[in-house]
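Pasted below: upload_14.txt, compact mmCIF, C-alpha atoms.
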```txt
# COMPACT_ATOMS: atom_id res chain seq x y z
CA MET A 713 0.00 0.00 0.00
CA ARG A 714 1.28 3.45 -0.91
CA THR A 715 1.30 5.77 2.08
CA VAL A 716 2.70 9.14 3.05
CA ARG A 717 5.90 8.60 5.00
CA GLN A 718 6.84 12.25 5.67
CA LEU A 719 5.56 15.77 5.08
CA TYR A 720 7.68 18.93 4.85
CA ARG A 721 7.50 22.63 4.22
CA TYR A 722 10.39 24.93 3.33
CA PRO A 723 9.48 28.41 4.61
CA VAL A 724 12.57 30.05 3.07
CA LYS A 725 13.64 29.10 -0.43
CA GLY A 726 16.98 27.28 -0.25
CA LEU A 727 16.99 26.85 3.53
CA SER A 728 16.21 23.82 5.66
CA ALA A 729 13.11 21.63 5.71
CA GLU A 730 10.55 21.59 8.50
CA PRO A 731 8.73 18.30 9.18
CA LEU A 732 4.96 18.51 9.52
CA THR A 733 2.70 16.25 11.55
CA GLU A 734 -0.26 17.29 9.39
CA VAL A 735 -1.02 19.71 6.61
CA ALA A 736 -4.35 21.14 5.46
CA LEU A 737 -4.43 21.80 1.73
CA ARG A 738 -6.92 23.92 -0.19
CA ALA A 739 -7.90 23.63 -3.83
CA GLY A 740 -5.48 25.50 -6.09
CA GLU A 741 -3.04 26.24 -3.28
CA GLY A 742 0.26 24.80 -2.12
CA VAL A 743 1.51 23.78 1.30
CA PRO A 744 0.92 26.74 3.65
CA LEU A 745 4.06 28.86 4.14
CA ASP A 746 6.07 26.75 1.70
CA ARG A 747 8.67 28.97 -0.03
CA GLN A 748 6.93 32.01 1.46
CA TRP A 749 10.25 33.86 1.78
CA ALA A 750 13.42 34.01 -0.29
CA LEU A 751 16.77 35.75 -0.50
CA THR A 752 17.52 37.69 -3.66
CA ASN A 753 21.05 37.42 -5.05
CA GLY A 754 21.68 41.15 -5.29
CA SER A 755 21.35 41.38 -9.08
CA TRP A 756 17.87 42.95 -9.02
CA THR A 757 15.53 44.93 -6.81
CA PHE A 758 12.44 43.29 -5.38
CA ASP A 759 9.15 45.20 -5.40
CA ALA A 760 6.17 43.32 -3.97
CA GLY A 761 3.67 45.46 -5.85
CA SER A 762 5.06 44.71 -9.31
CA TYR A 763 6.74 41.37 -8.75
CA THR A 764 6.33 38.63 -11.32
CA PRO A 765 7.91 35.19 -10.82
CA ARG A 766 11.61 35.03 -11.57
CA PRO A 767 13.93 32.05 -12.18
CA LYS A 768 15.68 30.44 -9.25
CA THR A 769 19.01 31.77 -10.53
CA ASP A 770 17.85 35.20 -9.31
CA PHE A 771 17.85 33.97 -5.72
CA ILE A 772 20.40 32.65 -3.24
CA ALA A 773 19.77 28.92 -3.52
CA LEU A 774 21.43 25.56 -3.00
CA MET A 775 22.26 25.02 -6.65
CA ASP A 776 24.89 27.77 -6.37
CA HIS A 777 25.54 27.97 -2.63
CA ALA A 778 26.04 24.62 -0.89
CA ALA A 779 26.86 26.35 2.41
CA LEU A 780 23.15 27.08 2.88
CA ALA A 781 22.66 23.44 3.83
CA SER A 782 24.78 23.95 6.96
CA LEU A 783 22.22 26.40 8.41
CA ALA A 784 19.43 25.04 10.60
CA THR A 785 16.29 27.14 10.27
CA ARG A 786 12.85 27.03 11.85
CA TYR A 787 9.86 29.29 11.43
CA ASP A 788 7.76 29.83 14.57
CA ASP A 789 4.16 30.36 13.47
CA ALA A 790 3.02 31.67 16.84
CA ASP A 791 5.74 34.33 17.14
CA ASN A 792 6.06 35.03 13.39
CA CYS A 793 9.81 34.63 13.78
CA LEU A 794 12.47 32.76 11.86
CA HIS A 795 15.23 31.08 13.88
CA VAL A 796 18.56 30.54 12.12
CA SER A 797 21.46 28.60 13.63
CA ALA A 798 24.94 28.43 12.10
CA PRO A 799 27.55 25.69 12.63
CA ASP A 800 29.73 28.05 14.68
CA GLY A 801 27.00 28.46 17.29
CA ARG A 802 25.60 31.79 16.17
CA HIS A 803 21.83 32.05 16.38
CA LEU A 804 19.47 34.65 14.93
CA ARG A 805 15.85 35.24 15.82
CA ILE A 806 14.25 37.24 13.02
CA ASP A 807 10.88 38.95 13.21
CA VAL A 808 9.90 38.56 9.55
CA ASP A 809 7.80 41.75 9.70
CA ASP A 810 10.77 43.84 10.88
CA PRO A 811 12.65 45.31 7.86
CA ALA A 812 15.79 45.96 9.91
CA ALA A 813 15.90 42.39 11.20
CA CYS A 814 15.31 41.03 7.69
CA GLY A 815 18.15 43.19 6.39
CA GLY A 816 20.40 41.79 9.10
CA LEU A 817 19.48 38.25 8.07
CA ALA A 818 20.32 38.97 4.42
CA ARG A 819 23.75 40.29 5.43
CA PHE A 820 24.30 37.28 7.69
CA ILE A 821 23.48 34.86 4.85
CA ALA A 822 25.76 36.72 2.43
CA GLN A 823 28.61 36.47 4.91
CA HIS A 824 27.90 32.80 5.56
CA ILE A 825 27.95 31.70 1.90
CA ASN A 826 31.09 33.80 1.27
CA ALA A 827 30.15 34.46 -2.35
CA ARG A 828 30.74 37.42 -4.61
CA LEU A 829 27.29 38.86 -5.28
CA GLU A 830 26.40 41.61 -7.73
CA GLY A 831 24.78 43.66 -5.00
CA PRO A 832 23.32 43.46 -1.50
CA PRO A 833 20.90 40.55 -1.10
CA ALA A 834 17.44 41.05 0.35
CA PHE A 835 15.15 38.84 2.43
CA VAL A 836 11.79 39.14 0.68
CA SER A 837 8.21 37.90 0.79
CA GLY A 838 4.97 38.72 -0.92
CA GLU A 839 1.24 38.40 -0.53
CA GLY A 840 -0.35 35.92 -2.90
CA PHE A 841 2.74 34.28 -4.34
CA ARG A 842 5.47 31.86 -3.34
CA PHE A 843 9.05 31.40 -4.56
CA THR A 844 8.87 27.87 -5.96
CA ASP A 845 11.23 26.73 -8.72
CA VAL A 846 8.33 26.28 -11.15
CA SER A 847 6.57 29.56 -10.33
CA VAL A 848 7.79 30.95 -13.66
CA LEU A 849 5.62 28.45 -15.56
CA SER A 850 2.19 29.53 -14.31
CA HIS A 851 0.25 30.61 -11.25
CA GLY A 852 -1.04 27.06 -10.91
CA MET A 853 2.45 25.59 -10.98
CA MET A 854 3.61 28.16 -8.43
CA ASN A 855 1.14 26.52 -6.04
CA ALA A 856 1.90 22.92 -6.99
CA VAL A 857 2.80 20.38 -4.29
CA SER A 858 5.85 18.19 -4.85
CA LEU A 859 5.85 14.43 -4.28
CA ILE A 860 8.77 11.98 -4.10
CA ASN A 861 8.47 8.21 -4.35
CA LEU A 862 11.00 6.74 -1.92
CA ALA A 863 11.07 3.50 -3.92
CA THR A 864 12.40 5.47 -6.88
CA VAL A 865 15.09 7.09 -4.74
CA ARG A 866 16.20 3.68 -3.49
CA GLU A 867 16.25 2.26 -7.03
CA VAL A 868 18.40 5.13 -8.30
CA GLY A 869 20.73 4.72 -5.34
CA ALA A 870 21.08 1.00 -6.00
CA ALA A 871 21.76 1.65 -9.68
CA LEU A 872 24.48 4.15 -8.78
CA GLY A 873 25.90 1.97 -5.99
CA THR A 874 25.25 4.45 -3.19
CA ASP A 875 22.64 5.49 -0.64
CA ILE A 876 20.84 8.70 -1.58
CA ASP A 877 19.36 10.87 1.15
CA PRO A 878 15.79 11.60 -0.03
CA MET A 879 16.04 15.08 1.51
CA ARG A 880 18.24 16.09 -1.41
CA PHE A 881 15.02 16.40 -3.39
CA ARG A 882 13.30 18.89 -1.05
CA ALA A 883 9.76 17.59 -1.62
CA ASN A 884 6.59 18.30 0.31
CA ILE A 885 5.26 14.73 0.29
CA TYR A 886 7.41 11.60 0.60
CA MET A 887 5.52 8.45 -0.37
CA ASP A 888 6.54 4.85 0.25
CA GLY A 889 5.09 1.44 -0.55
CA GLY A 890 4.89 1.86 -4.31
CA GLU A 891 6.92 0.63 -7.27
CA PRO A 892 10.01 2.49 -8.48
CA TRP A 893 9.23 5.10 -11.16
CA GLU A 894 5.48 4.45 -11.10
CA GLU A 895 4.79 8.10 -10.29
CA SER A 896 6.24 9.05 -13.68
CA SER A 897 3.33 7.19 -15.35
CA TRP A 898 0.74 9.21 -13.42
CA LEU A 899 1.16 12.36 -15.53
CA ASP A 900 -2.26 13.94 -16.26
CA ARG A 901 -3.96 11.47 -13.91
CA GLU A 902 -5.72 12.21 -10.66
CA VAL A 903 -4.54 10.83 -7.33
CA THR A 904 -5.94 10.92 -3.83
CA VAL A 905 -3.64 11.59 -0.89
CA GLY A 906 -5.62 11.09 2.29
CA GLU A 907 -8.59 13.47 1.98
CA VAL A 908 -7.00 15.41 -0.87
CA ARG A 909 -7.70 14.91 -4.57
CA ALA A 910 -5.05 16.21 -6.95
CA ARG A 911 -3.85 15.98 -10.54
CA VAL A 912 -0.29 15.05 -11.48
CA VAL A 913 0.74 17.91 -13.74
CA MET A 914 4.51 17.63 -14.24
CA ARG A 915 7.50 15.40 -13.72
CA THR A 916 10.17 17.17 -11.68
CA PRO A 917 13.44 17.99 -13.46
CA ARG A 918 16.44 17.97 -11.14
CA CYS A 919 19.14 20.62 -10.89
CA SER A 920 22.53 20.74 -9.22
CA ALA A 921 20.93 21.48 -5.83
CA THR A 922 20.52 17.70 -5.49
CA ASN A 923 24.31 17.34 -5.58
CA VAL A 924 24.51 18.98 -2.13
CA ASN A 925 24.57 16.66 0.87
CA PRO A 926 21.85 18.00 3.22
CA VAL A 927 23.78 16.78 6.28
CA THR A 928 27.37 17.78 5.49
CA ALA A 929 26.65 20.71 3.13
CA GLU A 930 29.23 19.25 0.74
CA ARG A 931 28.70 18.93 -3.00
CA ASP A 932 29.42 15.20 -3.14
CA MET A 933 27.29 13.87 -6.03
CA THR A 934 26.51 14.65 -9.67
CA LEU A 935 22.93 13.41 -9.70
CA PRO A 936 21.43 15.28 -12.69
CA ALA A 937 24.37 14.46 -14.95
CA THR A 938 24.55 10.86 -13.77
CA MET A 939 20.81 10.36 -14.20
CA MET A 940 20.95 11.82 -17.70
CA GLU A 941 23.77 9.44 -18.58
CA ARG A 942 22.04 6.38 -17.13
CA TYR A 943 18.34 7.05 -17.80
CA GLY A 944 18.33 9.65 -20.55
CA HIS A 945 16.54 12.16 -18.31
CA ARG A 946 17.00 13.96 -15.00
CA GLU A 947 13.43 13.77 -13.70
CA LEU A 948 12.63 12.40 -10.26
CA GLY A 949 9.32 13.05 -8.53
CA VAL A 950 6.17 14.81 -9.68
CA TYR A 951 4.16 17.96 -9.05
CA LEU A 952 0.52 17.84 -7.97
CA GLN A 953 -2.15 20.50 -8.34
CA VAL A 954 -4.76 20.27 -5.58
CA LEU A 955 -8.32 19.86 -6.91
CA ASP A 956 -10.17 19.12 -3.66
CA GLY A 957 -8.65 20.16 -0.36
CA GLY A 958 -8.39 18.30 2.90
CA ALA A 959 -5.98 17.12 5.55
CA ILE A 960 -2.91 14.93 5.04
CA ALA A 961 -0.81 13.28 7.72
CA PRO A 962 1.89 10.61 7.66
CA GLY A 963 0.20 7.29 7.04
CA ALA A 964 -2.34 8.75 4.58
CA VAL A 965 -2.99 6.43 1.65
CA VAL A 966 -1.89 7.52 -1.83
CA THR A 967 -4.05 6.14 -4.65
CA PRO A 968 -3.73 6.88 -8.39
CA LEU A 969 -7.19 6.99 -9.94
CA PRO A 970 -8.10 5.31 -13.24
```
Take the structure in this file and express it as structure tokens.
Amino acid sequence: MRTVRQLYRYPVKGLSAEPLTEVALRAGEGVPLDRQWALTNGSWTFDAGSYTPRPKTDFIALMDHAALASLATRYDDADNCLHVSAPDGRHLRIDVDDPAACGGLARFIAQHINARLEGPPAFVSGEGFRFTDVSVLSHGMMNAVSLINLATVREVGAALGTDIDPMRFRANIYMDGGEPWEESSWLDREVTVGEVRARVVMRTPRCSATNVNPVTAERDMTLPATMMERYGHRELGVYLQVLDGGAIAPGAVVTPLP
């Protein structure tokens, strides 16, 4: 039986995952607070009033900055604060509604990644949009929910002769109990996940962010290139668009519909 093994949100694009014990999804919307904030890379100026989705290369993200994986972050819903801990023991508590605090976080991140940026980065958010990798495709895709089949991850790892940490793929839903690669055949089909009904709308192409070890923050694999060489593609996982909302928790049954 296919069931949900784990659920995650990623409040800040490129920063660490937060496990969820339950998530309530609404039709046409993504996981609440997923990719709600992001850090610009200093090459452009963010304006919430005129913002249109931009490619992930315009943000500070794992594909270019592996050191982000060494930061432990947690968003506190009750206090509306982001907690950031660095390997050297430094800890920041950021009120995400305080512009000065957000500016301090952006400077802290720039110092931590030790990269030459085109300009000062900014910690940004916006009402009504989220900073997902596929936000540039459409409003619907911006709110898509990502799903990983753990059987596929294990099969790829076995084929490559190594264990692959599933967290490299930064998905919202991790499913187990299915067959390897079966999710790839669900494109344009509907699935139920617990109380939720959704449509599989896209296979997920993988970028160099998956090369970063989420535990050590080292770039120790070449997953997209190796997958392309072995399978002729670099897709792993799928995106879902929520049709009927409801609650999902670990243990929820995942069923592809005819």
Nearest candidate to Phe843 (chain A) (options A:Ala739, A:Val924, A:Ala773, A:Leu817; using all atoms listed in the file):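 That would be A:Ala773, the residue with the smallest distance to Phe843 (chain A).
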Residue among A:Thr844, A:Ser858, A:Asn753, A:Thr764 lying closest to Leu719 (chain A), counting all atoms listed in the file: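 Residue with the minimum atom-to-atom distance to Leu719 (chain A): A:Ser858.
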Among the residues A:Lys725, A:Glu730, A:Ala961, A:Val743, the one that comes closest to Asn855 (chain A) [using all atoms listed in the file]: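 Smallest separation from Asn855 (chain A) among the options: A:Val743.
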Shell of 12 Å around Ile876 (chain A), all atoms listed in the file, local chain residues under 4 positions omitted, as a ChimeraX atom specification: /A:862-872,880-881,922-927,932-935
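Among A:Met853, A:Ala929, A:Ala822, A:Leu737, the residue with the shortest atom-to-atom distance to Leu783 (chain A), counting only C-alpha atoms, is A:Ala929.
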Spatial neighbours of Cys814 (chain A), 12 Å, only C-alpha atoms, chain gap at least 2 places, as a list in words: Trp749, Ala750, Leu751, Cys793, Leu794, His795, Val796, Leu804, Arg805, Ile806, Asp807, Val808, Asp809, Asp810, Pro811, Ala812, Gly816, Leu817, Ala818, Arg819, Phe820, Ile821, Pro833, Ala834, Phe835, Val836 and Ser837 of chain A
Please complete region 840-851 of chain A so it has all heavy atoms, and hand it over as a compact mmCIF listing (two decimals), in the frame of the given file.
```txt
# COMPACT_ATOMS: atom_id res chain seq x y z
N GLY A 840 0.29 36.53 -1.74
CA GLY A 840 -0.35 35.92 -2.90
C GLY A 840 0.57 35.18 -3.83
O GLY A 840 0.14 34.71 -4.88
N PHE A 841 1.85 35.08 -3.50
CA PHE A 841 2.74 34.28 -4.34
C PHE A 841 3.79 33.62 -3.47
O PHE A 841 4.02 33.99 -2.33
CB PHE A 841 3.40 35.11 -5.44
CG PHE A 841 4.15 36.32 -4.97
CD1 PHE A 841 5.45 36.21 -4.51
CD2 PHE A 841 3.57 37.58 -4.98
CE1 PHE A 841 6.16 37.33 -4.07
CE2 PHE A 841 4.27 38.70 -4.55
CZ PHE A 841 5.56 38.57 -4.10
N ARG A 842 4.42 32.59 -4.04
CA ARG A 842 5.47 31.86 -3.34
C ARG A 842 6.63 31.64 -4.31
O ARG A 842 6.45 31.64 -5.53
CB ARG A 842 4.94 30.55 -2.76
CG ARG A 842 4.42 29.58 -3.77
CD ARG A 842 3.84 28.33 -3.12
NE ARG A 842 2.53 28.56 -2.55
CZ ARG A 842 2.20 28.27 -1.29
NH1 ARG A 842 3.07 27.71 -0.48
NH2 ARG A 842 0.98 28.50 -0.84
N PHE A 843 7.82 31.44 -3.76
CA PHE A 843 9.05 31.40 -4.56
C PHE A 843 9.44 29.96 -4.90
O PHE A 843 10.55 29.52 -4.61
CB PHE A 843 10.17 32.12 -3.81
CG PHE A 843 9.87 33.55 -3.49
CD1 PHE A 843 9.45 33.92 -2.22
CD2 PHE A 843 9.97 34.54 -4.45
CE1 PHE A 843 9.16 35.24 -1.91
CE2 PHE A 843 9.70 35.87 -4.15
CZ PHE A 843 9.28 36.22 -2.88
N THR A 844 8.54 29.23 -5.54
CA THR A 844 8.87 27.87 -5.96
C THR A 844 9.67 27.89 -7.25
O THR A 844 9.62 28.85 -8.02
CB THR A 844 7.59 27.04 -6.16
OG1 THR A 844 6.79 27.66 -7.18
CG2 THR A 844 6.79 26.96 -4.87
N ASP A 845 10.40 26.80 -7.50
CA ASP A 845 11.23 26.73 -8.72
C ASP A 845 10.39 26.83 -9.98
O ASP A 845 10.86 27.34 -11.00
CB ASP A 845 12.03 25.43 -8.74
CG ASP A 845 13.18 25.43 -7.74
OD1 ASP A 845 13.43 26.49 -7.13
OD2 ASP A 845 13.81 24.37 -7.58
N VAL A 846 9.16 26.31 -9.94
CA VAL A 846 8.33 26.28 -11.15
C VAL A 846 7.32 27.42 -11.18
O VAL A 846 6.39 27.40 -12.00
CB VAL A 846 7.61 24.92 -11.28
CG1 VAL A 846 8.60 23.83 -11.64
CG2 VAL A 846 6.86 24.56 -10.00
N SER A 847 7.50 28.43 -10.34
CA SER A 847 6.57 29.56 -10.33
C SER A 847 6.58 30.31 -11.65
O SER A 847 5.59 30.95 -12.01
CB SER A 847 6.91 30.51 -9.18
OG SER A 847 8.20 31.07 -9.36
N VAL A 848 7.69 30.23 -12.38
CA VAL A 848 7.79 30.95 -13.66
C VAL A 848 6.89 30.34 -14.73
O VAL A 848 6.64 30.98 -15.76
CB VAL A 848 9.25 30.99 -14.16
CG1 VAL A 848 10.11 31.81 -13.23
CG2 VAL A 848 9.81 29.58 -14.31
N LEU A 849 6.41 29.12 -14.53
CA LEU A 849 5.62 28.45 -15.56
C LEU A 849 4.17 28.93 -15.58
O LEU A 849 3.59 29.12 -16.65
CB LEU A 849 5.66 26.93 -15.36
CG LEU A 849 7.05 26.30 -15.45
CD1 LEU A 849 6.95 24.79 -15.21
CD2 LEU A 849 7.69 26.58 -16.81
N SER A 850 3.58 29.08 -14.40
CA SER A 850 2.19 29.53 -14.31
C SER A 850 1.83 29.74 -12.85
O SER A 850 2.54 29.25 -11.95
CB SER A 850 1.23 28.51 -14.93
OG SER A 850 1.17 27.34 -14.14
N HIS A 851 0.71 30.43 -12.63
CA HIS A 851 0.25 30.61 -11.25
C HIS A 851 -0.10 29.26 -10.63
O HIS A 851 0.18 29.02 -9.45
CB HIS A 851 -0.97 31.53 -11.22
CG HIS A 851 -1.50 31.79 -9.84
ND1 HIS A 851 -0.93 32.71 -8.99
CD2 HIS A 851 -2.53 31.21 -9.15
CE1 HIS A 851 -1.60 32.72 -7.84
NE2 HIS A 851 -2.56 31.82 -7.92
```
